[in-house]
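This is structure_26.cif (mmCIF, C-alpha atoms, pLDDT in the B column; chains and numbers go by the auth columns).
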data_structure
loop_
_atom_site.group_PDB
_atom_site.id
_atom_site.type_symbol
_atom_site.label_atom_id
_atom_site.label_comp_id
_atom_site.label_asym_id
_atom_site.label_seq_id
_atom_site.Cartn_x
_atom_site.Cartn_y
_atom_site.Cartn_z
_atom_site.B_iso_or_equiv
_atom_site.auth_seq_id
_atom_site.auth_asym_id
ATOM 1 C CA MET A 1 95.883 118.858 152.410 48.00 8 A
ATOM 2 C CA GLY A 2 95.860 122.583 151.659 52.00 9 A
ATOM 3 C CA GLY A 3 99.645 122.679 151.944 46.00 10 A
ATOM 4 C CA ILE A 4 100.012 119.846 149.475 46.00 11 A
ATOM 5 C CA ARG A 5 97.655 121.644 147.078 42.00 12 A
ATOM 6 C CA ALA A 6 99.715 124.831 147.333 42.00 13 A
ATOM 7 C CA VAL A 7 103.003 122.968 146.774 40.00 14 A
ATOM 8 C CA PHE A 8 101.548 121.050 143.841 45.00 15 A
ATOM 9 C CA LEU A 9 100.087 124.116 142.172 41.00 16 A
ATOM 10 C CA SER A 10 103.212 126.179 142.698 43.00 17 A
ATOM 11 C CA LEU A 11 105.366 123.413 141.245 43.00 18 A
ATOM 12 C CA LEU A 12 103.133 123.122 138.217 42.00 19 A
ATOM 13 C CA VAL A 13 103.073 126.850 137.615 39.00 20 A
ATOM 14 C CA VAL A 14 106.883 126.858 137.534 38.00 21 A
ATOM 15 C CA PHE A 15 106.743 124.749 134.385 37.00 22 A
ATOM 16 C CA SER A 16 105.748 127.160 131.653 32.00 23 A
ATOM 17 C CA ILE A 17 104.262 126.403 128.287 30.00 24 A
ATOM 18 C CA GLN A 18 107.788 126.478 126.881 35.00 25 A
ATOM 19 C CA ALA A 19 108.629 123.495 129.084 38.00 26 A
ATOM 20 C CA PHE A 20 105.717 121.447 127.711 37.00 27 A
ATOM 21 C CA PRO A 21 104.933 122.817 124.254 39.00 28 A
ATOM 22 C CA ALA A 22 101.486 121.693 123.153 37.00 29 A
ATOM 23 C CA SER A 23 102.656 121.180 119.591 36.00 30 A
ATOM 24 C CA SER A 24 105.423 118.747 120.556 39.00 31 A
ATOM 25 C CA PRO A 25 104.744 115.009 120.522 42.00 32 A
ATOM 26 C CA GLY A 26 103.427 114.395 124.038 45.00 33 A
ATOM 27 C CA ARG A 27 101.880 110.979 123.695 47.00 34 A
ATOM 28 C CA LEU A 28 104.077 107.992 124.197 53.00 35 A
ATOM 29 C CA GLN A 29 104.428 106.087 120.970 49.00 36 A
ATOM 30 C CA ASN A 30 104.142 102.299 121.040 45.00 37 A
ATOM 31 C CA ALA A 31 103.796 102.247 124.817 45.00 38 A
ATOM 32 C CA PRO A 32 103.053 98.839 126.343 45.00 39 A
ATOM 33 C CA ALA A 33 99.494 98.083 127.411 49.00 40 A
ATOM 34 C CA PHE A 34 98.465 99.980 130.528 46.00 41 A
ATOM 35 C CA ASP A 35 96.530 98.696 133.484 73.00 42 A
ATOM 36 C CA ASN A 36 93.144 100.261 132.778 81.00 43 A
ATOM 37 C CA LEU A 37 91.599 98.551 135.798 86.00 44 A
ATOM 38 C CA THR A 38 94.127 100.257 138.060 90.00 45 A
ATOM 39 C CA LEU A 39 93.547 103.637 136.410 94.00 46 A
ATOM 40 C CA ALA A 40 89.778 103.155 136.663 92.00 47 A
ATOM 41 C CA SER A 41 90.144 102.165 140.310 93.00 48 A
ATOM 42 C CA ILE A 42 92.251 105.258 141.099 95.00 49 A
ATOM 43 C CA ALA A 43 89.814 107.492 139.185 95.00 50 A
ATOM 44 C CA GLY A 44 86.841 106.022 141.060 94.00 51 A
ATOM 45 C CA TRP A 45 88.591 106.438 144.403 94.00 52 A
ATOM 46 C CA LEU A 46 89.383 110.095 143.644 96.00 53 A
ATOM 47 C CA LYS A 47 85.793 110.714 142.583 94.00 54 A
ATOM 48 C CA ARG A 48 84.560 109.224 145.843 94.00 55 A
ATOM 49 C CA ASP A 49 87.274 110.203 148.341 94.00 56 A
ATOM 50 C CA GLY A 50 89.365 112.887 146.626 94.00 57 A
ATOM 51 C CA ARG A 51 89.702 116.360 148.049 96.00 58 A
ATOM 52 C CA GLU A 52 88.615 119.451 146.166 96.00 59 A
ATOM 53 C CA GLY A 53 91.372 121.036 144.116 95.00 60 A
ATOM 54 C CA TRP A 54 92.179 122.878 140.919 93.00 61 A
ATOM 55 C CA LEU A 55 94.490 122.693 137.940 91.00 62 A
ATOM 56 C CA GLY A 56 95.606 125.968 136.354 88.00 63 A
ATOM 57 C CA ALA A 57 94.729 126.699 132.729 89.00 64 A
ATOM 58 C CA ASP A 58 98.395 127.251 131.861 77.00 65 A
ATOM 59 C CA VAL A 59 99.274 123.799 133.143 72.00 66 A
ATOM 60 C CA ALA A 60 96.308 122.205 131.369 80.00 67 A
ATOM 61 C CA ASP A 61 97.367 123.847 128.112 79.00 68 A
ATOM 62 C CA ALA A 62 100.987 122.854 128.607 68.00 69 A
ATOM 63 C CA VAL A 63 100.276 119.156 129.107 72.00 70 A
ATOM 64 C CA GLY A 64 97.509 119.016 126.497 74.00 71 A
ATOM 65 C CA ILE A 65 94.352 118.863 128.609 83.00 72 A
ATOM 66 C CA PRO A 66 91.513 120.457 126.587 88.00 73 A
ATOM 67 C CA ARG A 67 89.620 123.354 128.161 92.00 74 A
ATOM 68 C CA LEU A 68 87.353 126.239 127.207 92.00 75 A
ATOM 69 C CA ALA A 69 89.018 129.611 126.670 93.00 76 A
ATOM 70 C CA THR A 70 86.946 130.991 129.555 94.00 77 A
ATOM 71 C CA GLU A 71 88.235 128.412 132.052 94.00 78 A
ATOM 72 C CA ASP A 72 91.109 129.741 134.154 95.00 79 A
ATOM 73 C CA LEU A 73 90.997 126.774 136.533 96.00 80 A
ATOM 74 C CA LEU A 74 89.859 123.202 136.016 95.00 81 A
ATOM 75 C CA GLU A 75 88.187 121.625 139.005 96.00 82 A
ATOM 76 C CA ALA A 76 89.826 118.434 140.153 96.00 83 A
ATOM 77 C CA ARG A 77 89.585 115.801 142.849 97.00 84 A
ATOM 78 C CA GLN A 78 92.982 115.063 144.357 96.00 85 A
ATOM 79 C CA ARG A 79 94.922 113.190 146.987 96.00 86 A
ATOM 80 C CA GLY A 80 98.475 113.531 148.142 96.00 87 A
ATOM 81 C CA PHE A 81 100.875 111.517 150.280 95.00 88 A
ATOM 82 C CA ARG A 82 104.323 112.197 151.615 95.00 89 A
ATOM 83 C CA ASP A 83 106.784 109.560 152.767 91.00 90 A
ATOM 84 C CA ASP A 84 110.563 109.404 153.224 92.00 91 A
ATOM 85 C CA GLU A 85 110.991 108.974 149.460 91.00 92 A
ATOM 86 C CA ALA A 86 108.681 111.563 147.865 96.00 93 A
ATOM 87 C CA LEU A 87 105.631 113.790 147.869 97.00 94 A
ATOM 88 C CA ARG A 88 103.038 112.275 145.549 97.00 95 A
ATOM 89 C CA VAL A 89 99.883 113.962 144.264 95.00 96 A
ATOM 90 C CA VAL A 90 97.312 112.633 141.813 97.00 97 A
ATOM 91 C CA GLN A 91 94.499 114.698 140.309 96.00 98 A
ATOM 92 C CA ARG A 92 91.403 113.612 138.403 96.00 99 A
ATOM 93 C CA SER A 93 89.094 115.963 136.575 94.00 100 A
ATOM 94 C CA ALA A 94 85.976 116.795 138.585 94.00 101 A
ATOM 95 C CA ASP A 95 84.241 117.342 135.220 90.00 102 A
ATOM 96 C CA GLU A 96 82.979 114.000 133.892 86.00 103 A
ATOM 97 C CA ARG A 97 83.422 115.254 130.315 87.00 104 A
ATOM 98 C CA ARG A 98 87.201 115.224 130.784 89.00 105 A
ATOM 99 C CA ASP A 99 89.208 112.041 131.119 89.00 106 A
ATOM 100 C CA PHE A 100 92.557 112.774 132.716 94.00 107 A
ATOM 101 C CA LEU A 101 94.662 111.765 135.654 95.00 108 A
ATOM 102 C CA LEU A 102 97.728 113.862 136.419 94.00 109 A
ATOM 103 C CA PHE A 103 100.345 112.267 138.678 96.00 110 A
ATOM 104 C CA MET A 104 103.167 114.312 140.254 92.00 111 A
ATOM 105 C CA VAL A 105 106.084 112.832 142.174 95.00 112 A
ATOM 106 C CA GLN A 106 108.509 115.200 143.910 95.00 113 A
ATOM 107 C CA ARG A 107 111.473 113.154 145.107 95.00 114 A
ATOM 108 C CA THR A 108 113.858 114.109 147.885 95.00 115 A
ATOM 109 C CA ASP A 109 116.705 114.456 145.341 94.00 116 A
ATOM 110 C CA GLY A 110 114.857 117.413 143.789 93.00 117 A
ATOM 111 C CA GLN A 111 113.577 115.638 140.686 94.00 118 A
ATOM 112 C CA VAL A 112 109.893 116.093 139.903 89.00 119 A
ATOM 113 C CA PHE A 113 108.127 113.568 137.661 93.00 120 A
ATOM 114 C CA PHE A 114 104.815 114.227 135.891 90.00 121 A
ATOM 115 C CA TYR A 115 102.625 111.559 134.267 94.00 122 A
ATOM 116 C CA LEU A 116 99.515 112.466 132.254 94.00 123 A
ATOM 117 C CA ALA A 117 97.138 109.556 131.742 95.00 124 A
ATOM 118 C CA SER A 118 93.533 108.773 130.957 92.00 125 A
ATOM 119 C CA VAL A 119 91.402 105.798 131.903 90.00 126 A
ATOM 120 C CA ARG A 120 90.691 105.106 128.214 88.00 127 A
ATOM 121 C CA GLU A 121 94.171 105.686 126.766 89.00 128 A
ATOM 122 C CA GLY A 122 96.602 105.010 129.593 91.00 129 A
ATOM 123 C CA LEU A 123 99.857 106.931 129.831 93.00 130 A
ATOM 124 C CA LYS A 124 99.846 109.884 127.425 92.00 131 A
ATOM 125 C CA GLY A 125 102.956 111.795 128.504 91.00 132 A
ATOM 126 C CA ALA A 126 105.779 111.633 131.045 91.00 133 A
ATOM 127 C CA PHE A 127 108.234 114.362 132.020 87.00 134 A
ATOM 128 C CA VAL A 128 110.952 114.981 134.581 88.00 135 A
ATOM 129 C CA SER A 129 112.176 118.282 135.962 83.00 136 A
ATOM 130 C CA SER A 130 115.685 118.355 137.364 88.00 137 A
ATOM 131 C CA SER A 131 117.877 121.372 138.127 87.00 138 A
ATOM 132 C CA GLY A 132 115.505 123.678 136.249 77.00 139 A
ATOM 133 C CA THR A 133 115.472 121.566 133.081 80.00 140 A
ATOM 134 C CA VAL A 134 112.338 119.746 131.939 76.00 141 A
ATOM 135 C CA SER A 135 112.709 116.687 129.716 85.00 142 A
ATOM 136 C CA ARG A 136 110.436 114.048 128.282 87.00 143 A
ATOM 137 C CA LEU A 137 111.097 110.573 129.541 92.00 144 A
ATOM 138 C CA GLU A 138 111.951 107.883 127.017 94.00 145 A
ATOM 139 C CA PRO A 139 108.942 105.574 126.464 93.00 146 A
ATOM 140 C CA LEU A 140 110.401 102.468 128.134 93.00 147 A
ATOM 141 C CA GLU A 141 111.623 104.395 131.169 95.00 148 A
ATOM 142 C CA ALA A 142 108.341 106.330 131.350 94.00 149 A
ATOM 143 C CA GLN A 143 106.287 103.144 131.243 93.00 150 A
ATOM 144 C CA ALA A 144 108.393 101.454 133.960 94.00 151 A
ATOM 145 C CA LEU A 145 108.233 104.472 136.290 95.00 152 A
ATOM 146 C CA PHE A 146 104.531 104.966 135.598 95.00 153 A
ATOM 147 C CA GLN A 147 103.782 101.323 136.434 93.00 154 A
ATOM 148 C CA ARG A 148 105.628 101.833 139.739 94.00 155 A
ATOM 149 C CA GLU A 149 103.509 104.915 140.412 95.00 156 A
ATOM 150 C CA LEU A 150 100.323 102.987 139.610 95.00 157 A
ATOM 151 C CA ARG A 151 101.335 100.298 142.118 93.00 158 A
ATOM 152 C CA PHE A 152 101.876 102.990 144.766 94.00 159 A
ATOM 153 C CA TRP A 153 98.408 104.473 144.217 94.00 160 A
ATOM 154 C CA GLU A 154 96.764 101.071 143.886 91.00 161 A
ATOM 155 C CA SER A 155 98.048 100.231 147.369 90.00 162 A
ATOM 156 C CA ARG A 156 96.510 103.465 148.701 88.00 163 A
ATOM 157 C CA VAL A 157 93.169 102.692 147.078 89.00 164 A
ATOM 158 C CA ALA A 158 93.196 99.176 148.571 81.00 165 A
ATOM 159 C CA VAL A 159 93.750 100.569 152.090 74.00 166 A
ATOM 160 C CA ARG A 160 90.719 102.853 151.883 61.00 167 A
#
Output the file's structure in the form of structure tokens.
Amino acid sequence: MGGIRAVFLSLLVVFSIQAFPASSPGRLQNAPAFDNLTLASIAGWLKRDGREGWLGADVADAVGIPRLATEDLLEARQRGFRDDEALRVVQRSADERRDFLLFMVQRTDGQVFFYLASVREGLKGAFVSSSGTVSRLEPLEAQALFQRELRFWESRVAVR
């Protein structure tokens, strides 16, 4: 799992604050209802069975996760899986005062998808990195891809 953590953190560090400006509209407007039971189930599973990990302050700032100025790293509980299609990592804050789940999907075609969600609010932002360019996903596409990602993780939770 250490290798997955290193890959995940190095991928996230590549995306600078310019790629995800905090002042830009990150939340998906008029997004369809999310599956809060699935998000709660994934969050509970990570709390119980997740591995220790961290999220860098620069990444937290870039995607809009609040933190104290003195926090360089945010503790997280995480899991990762690799299959023929992609490397997938999901992180949940280890601090109960924060409500975030960060999903990362690195596909074999080189595209990397990021989904920021919370148990209370659902999907808050979705981005794709391809050939060095980072773009926000359109709300309908983001919601469809995020629902697919939730189904993937829900199946992992059910197996455990």
**Request:** Go through A:Met111, A:Asp91, A:Gly60, A:Leu157 and flag the residue nearest Ser136 (chain A), using only C-alpha atoms for the distances.
**Result:** A:Met111
**Item:** Selection near region 97-110 of chain A, 9 Å with all atoms listed in the file, sequence-local residues under 2 positions removed, as number ranges by chain
**Value:** A: 46, 49-50, 53-54, 57, 59-62, 72-74, 81-87, 95, 112, 120-127, 153, 156, 160
**Message:** Please list, as a PyMOL selection string, the residues that have an atom at most 12 Å away from (98.3, 100.6, 143.4) in the coordinates of this file, counting all atoms listed in the file.
**Reply:** chain A and resi 42-50+52+153-167
**Prompt:** Quick one: distance from CA of Gly132 (chain A) to CA of Ala149 (chain A) in Å, one decimal?
**Reply:** 8.2 Å
**Request:** Quick one: pull the distance between CA of Arg89 (chain A) and CA of Val119 (chain A), Å, one decimal.
**Result:** 13.5 Å
**Message:** Need to verify the contact set: Arg143 (chain A), 9 Å, only C-alpha atoms, exclusion of same-chain residues closer than 2 positions in sequence. Can you return it as number ranges by chain?
**Reply:** A: 27, 33, 132-136, 141, 145-146, 149
Could you write out that same residue set with C-alpha atoms as a tab-separated table (two decimals), keeping the file's coordinate frame?
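File produced: again.tsv:
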chain	number	residue	atom	x	y	z
A	27	PHE	CA	105.72	121.45	127.71
A	33	GLY	CA	103.43	114.40	124.04
A	132	GLY	CA	102.96	111.80	128.50
A	133	ALA	CA	105.78	111.63	131.04
A	134	PHE	CA	108.23	114.36	132.02
A	135	VAL	CA	110.95	114.98	134.58
A	136	SER	CA	112.18	118.28	135.96
A	141	VAL	CA	112.34	119.75	131.94
A	145	GLU	CA	111.95	107.88	127.02
A	146	PRO	CA	108.94	105.57	126.46
A	149	ALA	CA	108.34	106.33	131.35
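CA of Arg114 (chain A) lies 6.1 Å from CA of Glu92 (chain A).
Restricting the calculation to all atoms listed in the file, the smallest distance between Val96 (chain A) and any of A:Asp65, A:Lys131, A:Gln113, A:Gly139 is found for A:Gln113.
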Writing N, CA and C atoms and nothing else, produce region 102-146 of chain A as a PDB file, in the first residue's frame.
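out.pdb was written with the following content:
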ATOM      1  N   ASP A 102      -9.658  13.059  10.580  1.00  0.00           N
ATOM      2  CA  ASP A 102     -10.152  14.035  11.546  1.00  0.00           C
ATOM      3  C   ASP A 102     -11.679  14.117  11.409  1.00  0.00           C
ATOM      4  N   GLU A 103     -12.384  13.726  12.437  1.00  0.00           N
ATOM      5  CA  GLU A 103     -13.850  13.691  12.401  1.00  0.00           C
ATOM      6  C   GLU A 103     -14.482  15.058  12.155  1.00  0.00           C
ATOM      7  N   ARG A 104     -13.719  16.133  12.378  1.00  0.00           N
ATOM      8  CA  ARG A 104     -14.259  17.477  12.152  1.00  0.00           C
ATOM      9  C   ARG A 104     -14.329  17.829  10.672  1.00  0.00           C
ATOM     10  N   ARG A 105     -13.661  17.047   9.845  1.00  0.00           N
ATOM     11  CA  ARG A 105     -13.678  17.283   8.394  1.00  0.00           C
ATOM     12  C   ARG A 105     -14.535  16.216   7.725  1.00  0.00           C
ATOM     13  N   ASP A 106     -15.292  16.647   6.750  1.00  0.00           N
ATOM     14  CA  ASP A 106     -16.157  15.724   6.007  1.00  0.00           C
ATOM     15  C   ASP A 106     -15.751  15.756   4.542  1.00  0.00           C
ATOM     16  N   PHE A 107     -14.788  14.916   4.174  1.00  0.00           N
ATOM     17  CA  PHE A 107     -14.445  14.822   2.757  1.00  0.00           C
ATOM     18  C   PHE A 107     -14.028  13.412   2.393  1.00  0.00           C
ATOM     19  N   LEU A 108     -14.326  13.085   1.165  1.00  0.00           N
ATOM     20  CA  LEU A 108     -13.828  11.879   0.513  1.00  0.00           C
ATOM     21  C   LEU A 108     -13.200  12.348  -0.792  1.00  0.00           C
ATOM     22  N   LEU A 109     -11.967  11.946  -1.035  1.00  0.00           N
ATOM     23  CA  LEU A 109     -11.297  12.300  -2.279  1.00  0.00           C
ATOM     24  C   LEU A 109     -11.017  11.009  -3.043  1.00  0.00           C
ATOM     25  N   PHE A 110     -11.606  10.910  -4.233  1.00  0.00           N
ATOM     26  CA  PHE A 110     -11.447   9.744  -5.097  1.00  0.00           C
ATOM     27  C   PHE A 110     -10.480  10.112  -6.222  1.00  0.00           C
ATOM     28  N   MET A 111      -9.556   9.202  -6.555  1.00  0.00           N
ATOM     29  CA  MET A 111      -8.631   9.398  -7.661  1.00  0.00           C
ATOM     30  C   MET A 111      -8.670   8.134  -8.506  1.00  0.00           C
ATOM     31  N   VAL A 112      -8.786   8.336  -9.822  1.00  0.00           N
ATOM     32  CA  VAL A 112      -8.796   7.215 -10.759  1.00  0.00           C
ATOM     33  C   VAL A 112      -7.753   7.508 -11.830  1.00  0.00           C
ATOM     34  N   GLN A 113      -6.692   6.707 -11.866  1.00  0.00           N
ATOM     35  CA  GLN A 113      -5.663   6.842 -12.891  1.00  0.00           C
ATOM     36  C   GLN A 113      -5.869   5.711 -13.887  1.00  0.00           C
ATOM     37  N   ARG A 114      -6.346   6.070 -15.076  1.00  0.00           N
ATOM     38  CA  ARG A 114      -6.646   5.065 -16.097  1.00  0.00           C
ATOM     39  C   ARG A 114      -5.406   4.720 -16.905  1.00  0.00           C
ATOM     40  N   THR A 115      -5.463   3.590 -17.581  1.00  0.00           N
ATOM     41  CA  THR A 115      -4.319   3.138 -18.375  1.00  0.00           C
ATOM     42  C   THR A 115      -4.055   4.039 -19.577  1.00  0.00           C
ATOM     43  N   ASP A 116      -5.036   4.834 -20.007  1.00  0.00           N
ATOM     44  CA  ASP A 116      -4.827   5.755 -21.131  1.00  0.00           C
ATOM     45  C   ASP A 116      -4.145   7.050 -20.704  1.00  0.00           C
ATOM     46  N   GLY A 117      -3.778   7.150 -19.417  1.00  0.00           N
ATOM     47  CA  GLY A 117      -3.069   8.319 -18.916  1.00  0.00           C
ATOM     48  C   GLY A 117      -3.958   9.375 -18.285  1.00  0.00           C
ATOM     49  N   GLN A 118      -5.260   9.277 -18.460  1.00  0.00           N
ATOM     50  CA  GLN A 118      -6.154  10.251 -17.832  1.00  0.00           C
ATOM     51  C   GLN A 118      -6.265   9.955 -16.340  1.00  0.00           C
ATOM     52  N   VAL A 119      -6.315  11.035 -15.561  1.00  0.00           N
ATOM     53  CA  VAL A 119      -6.484  10.917 -14.113  1.00  0.00           C
ATOM     54  C   VAL A 119      -7.714  11.732 -13.728  1.00  0.00           C
ATOM     55  N   PHE A 120      -8.666  11.077 -13.075  1.00  0.00           N
ATOM     56  CA  PHE A 120      -9.909  11.718 -12.647  1.00  0.00           C
ATOM     57  C   PHE A 120      -9.878  11.909 -11.134  1.00  0.00           C
ATOM     58  N   PHE A 121     -10.350  13.076 -10.680  1.00  0.00           N
ATOM     59  CA  PHE A 121     -10.451  13.384  -9.261  1.00  0.00           C
ATOM     60  C   PHE A 121     -11.894  13.756  -8.947  1.00  0.00           C
ATOM     61  N   TYR A 122     -12.414  13.213  -7.848  1.00  0.00           N
ATOM     62  CA  TYR A 122     -13.777  13.541  -7.400  1.00  0.00           C
ATOM     63  C   TYR A 122     -13.693  13.905  -5.922  1.00  0.00           C
ATOM     64  N   LEU A 123     -14.121  15.116  -5.572  1.00  0.00           N
ATOM     65  CA  LEU A 123     -14.184  15.546  -4.181  1.00  0.00           C
ATOM     66  C   LEU A 123     -15.637  15.471  -3.754  1.00  0.00           C
ATOM     67  N   ALA A 124     -15.885  14.768  -2.660  1.00  0.00           N
ATOM     68  CA  ALA A 124     -17.257  14.586  -2.175  1.00  0.00           C
ATOM     69  C   ALA A 124     -17.280  14.687  -0.658  1.00  0.00           C
ATOM     70  N   SER A 125     -18.481  14.811  -0.130  1.00  0.00           N
ATOM     71  CA  SER A 125     -18.683  14.721   1.314  1.00  0.00           C
ATOM     72  C   SER A 125     -19.929  13.881   1.557  1.00  0.00           C
ATOM     73  N   VAL A 126     -19.980  13.265   2.716  1.00  0.00           N
ATOM     74  CA  VAL A 126     -21.146  12.440   3.052  1.00  0.00           C
ATOM     75  C   VAL A 126     -22.402  13.307   3.081  1.00  0.00           C
ATOM     76  N   ARG A 127     -22.288  14.528   3.597  1.00  0.00           N
ATOM     77  CA  ARG A 127     -23.462  15.406   3.711  1.00  0.00           C
ATOM     78  C   ARG A 127     -23.875  16.037   2.390  1.00  0.00           C
ATOM     79  N   GLU A 128     -22.898  16.404   1.541  1.00  0.00           N
ATOM     80  CA  GLU A 128     -23.212  17.180   0.344  1.00  0.00           C
ATOM     81  C   GLU A 128     -23.077  16.426  -0.967  1.00  0.00           C
ATOM     82  N   GLY A 129     -22.516  15.245  -0.949  1.00  0.00           N
ATOM     83  CA  GLY A 129     -22.313  14.502  -2.181  1.00  0.00           C
ATOM     84  C   GLY A 129     -21.147  15.050  -2.978  1.00  0.00           C
ATOM     85  N   LEU A 130     -21.225  14.906  -4.293  1.00  0.00           N
ATOM     86  CA  LEU A 130     -20.150  15.331  -5.176  1.00  0.00           C
ATOM     87  C   LEU A 130     -20.026  16.856  -5.160  1.00  0.00           C
ATOM     88  N   LYS A 131     -18.821  17.338  -4.860  1.00  0.00           N
ATOM     89  CA  LYS A 131     -18.577  18.778  -4.776  1.00  0.00           C
ATOM     90  C   LYS A 131     -17.713  19.298  -5.920  1.00  0.00           C
ATOM     91  N   GLY A 132     -16.927  18.428  -6.539  1.00  0.00           N
ATOM     92  CA  GLY A 132     -16.068  18.839  -7.638  1.00  0.00           C
ATOM     93  C   GLY A 132     -15.525  17.631  -8.365  1.00  0.00           C
ATOM     94  N   ALA A 133     -15.331  17.758  -9.674  1.00  0.00           N
ATOM     95  CA  ALA A 133     -14.795  16.666 -10.486  1.00  0.00           C
ATOM     96  C   ALA A 133     -13.877  17.245 -11.553  1.00  0.00           C
ATOM     97  N   PHE A 134     -12.699  16.631 -11.698  1.00  0.00           N
ATOM     98  CA  PHE A 134     -11.672  17.136 -12.597  1.00  0.00           C
ATOM     99  C   PHE A 134     -11.039  15.975 -13.338  1.00  0.00           C
ATOM    100  N   VAL A 135     -10.468  16.273 -14.497  1.00  0.00           N
ATOM    101  CA  VAL A 135      -9.704  15.279 -15.244  1.00  0.00           C
ATOM    102  C   VAL A 135      -8.396  15.915 -15.680  1.00  0.00           C
ATOM    103  N   SER A 136      -7.327  15.143 -15.577  1.00  0.00           N
ATOM    104  CA  SER A 136      -6.024  15.555 -16.066  1.00  0.00           C
ATOM    105  C   SER A 136      -5.677  14.656 -17.239  1.00  0.00           C
ATOM    106  N   SER A 137      -5.334  15.296 -18.348  1.00  0.00           N
ATOM    107  CA  SER A 137      -4.969  14.550 -19.555  1.00  0.00           C
ATOM    108  C   SER A 137      -3.907  15.330 -20.313  1.00  0.00           C
ATOM    109  N   SER A 138      -2.813  14.691 -20.617  1.00  0.00           N
ATOM    110  CA  SER A 138      -1.710  15.319 -21.365  1.00  0.00           C
ATOM    111  C   SER A 138      -1.264  16.639 -20.735  1.00  0.00           C
ATOM    112  N   GLY A 139      -1.200  16.673 -19.407  1.00  0.00           N
ATOM    113  CA  GLY A 139      -0.732  17.859 -18.707  1.00  0.00           C
ATOM    114  C   GLY A 139      -1.744  18.970 -18.535  1.00  0.00           C
ATOM    115  N   THR A 140      -2.962  18.773 -19.026  1.00  0.00           N
ATOM    116  CA  THR A 140      -4.013  19.782 -18.902  1.00  0.00           C
ATOM    117  C   THR A 140      -5.064  19.285 -17.920  1.00  0.00           C
ATOM    118  N   VAL A 141      -5.448  20.159 -16.982  1.00  0.00           N
ATOM    119  CA  VAL A 141      -6.471  19.814 -16.004  1.00  0.00           C
ATOM    120  C   VAL A 141      -7.735  20.591 -16.329  1.00  0.00           C
ATOM    121  N   SER A 142      -8.854  19.879 -16.392  1.00  0.00           N
ATOM    122  CA  SER A 142     -10.138  20.502 -16.726  1.00  0.00           C
ATOM    123  C   SER A 142     -11.207  20.022 -15.762  1.00  0.00           C
ATOM    124  N   ARG A 143     -12.169  20.898 -15.541  1.00  0.00           N
ATOM    125  CA  ARG A 143     -13.363  20.496 -14.781  1.00  0.00           C
ATOM    126  C   ARG A 143     -14.250  19.669 -15.694  1.00  0.00           C
ATOM    127  N   LEU A 144     -14.872  18.672 -15.119  1.00  0.00           N
ATOM    128  CA  LEU A 144     -15.838  17.894 -15.879  1.00  0.00           C
ATOM    129  C   LEU A 144     -17.182  18.614 -15.871  1.00  0.00           C
ATOM    130  N   GLU A 145     -17.902  18.498 -16.961  1.00  0.00           N
ATOM    131  CA  GLU A 145     -19.256  19.042 -17.031  1.00  0.00           C
ATOM    132  C   GLU A 145     -20.117  18.295 -16.010  1.00  0.00           C
ATOM    133  N   PRO A 146     -21.094  18.962 -15.398  1.00  0.00           N
ATOM    134  CA  PRO A 146     -21.878  18.342 -14.324  1.00  0.00           C
ATOM    135  C   PRO A 146     -22.515  16.997 -14.672  1.00  0.00           C
TER     136      PRO A 146
END
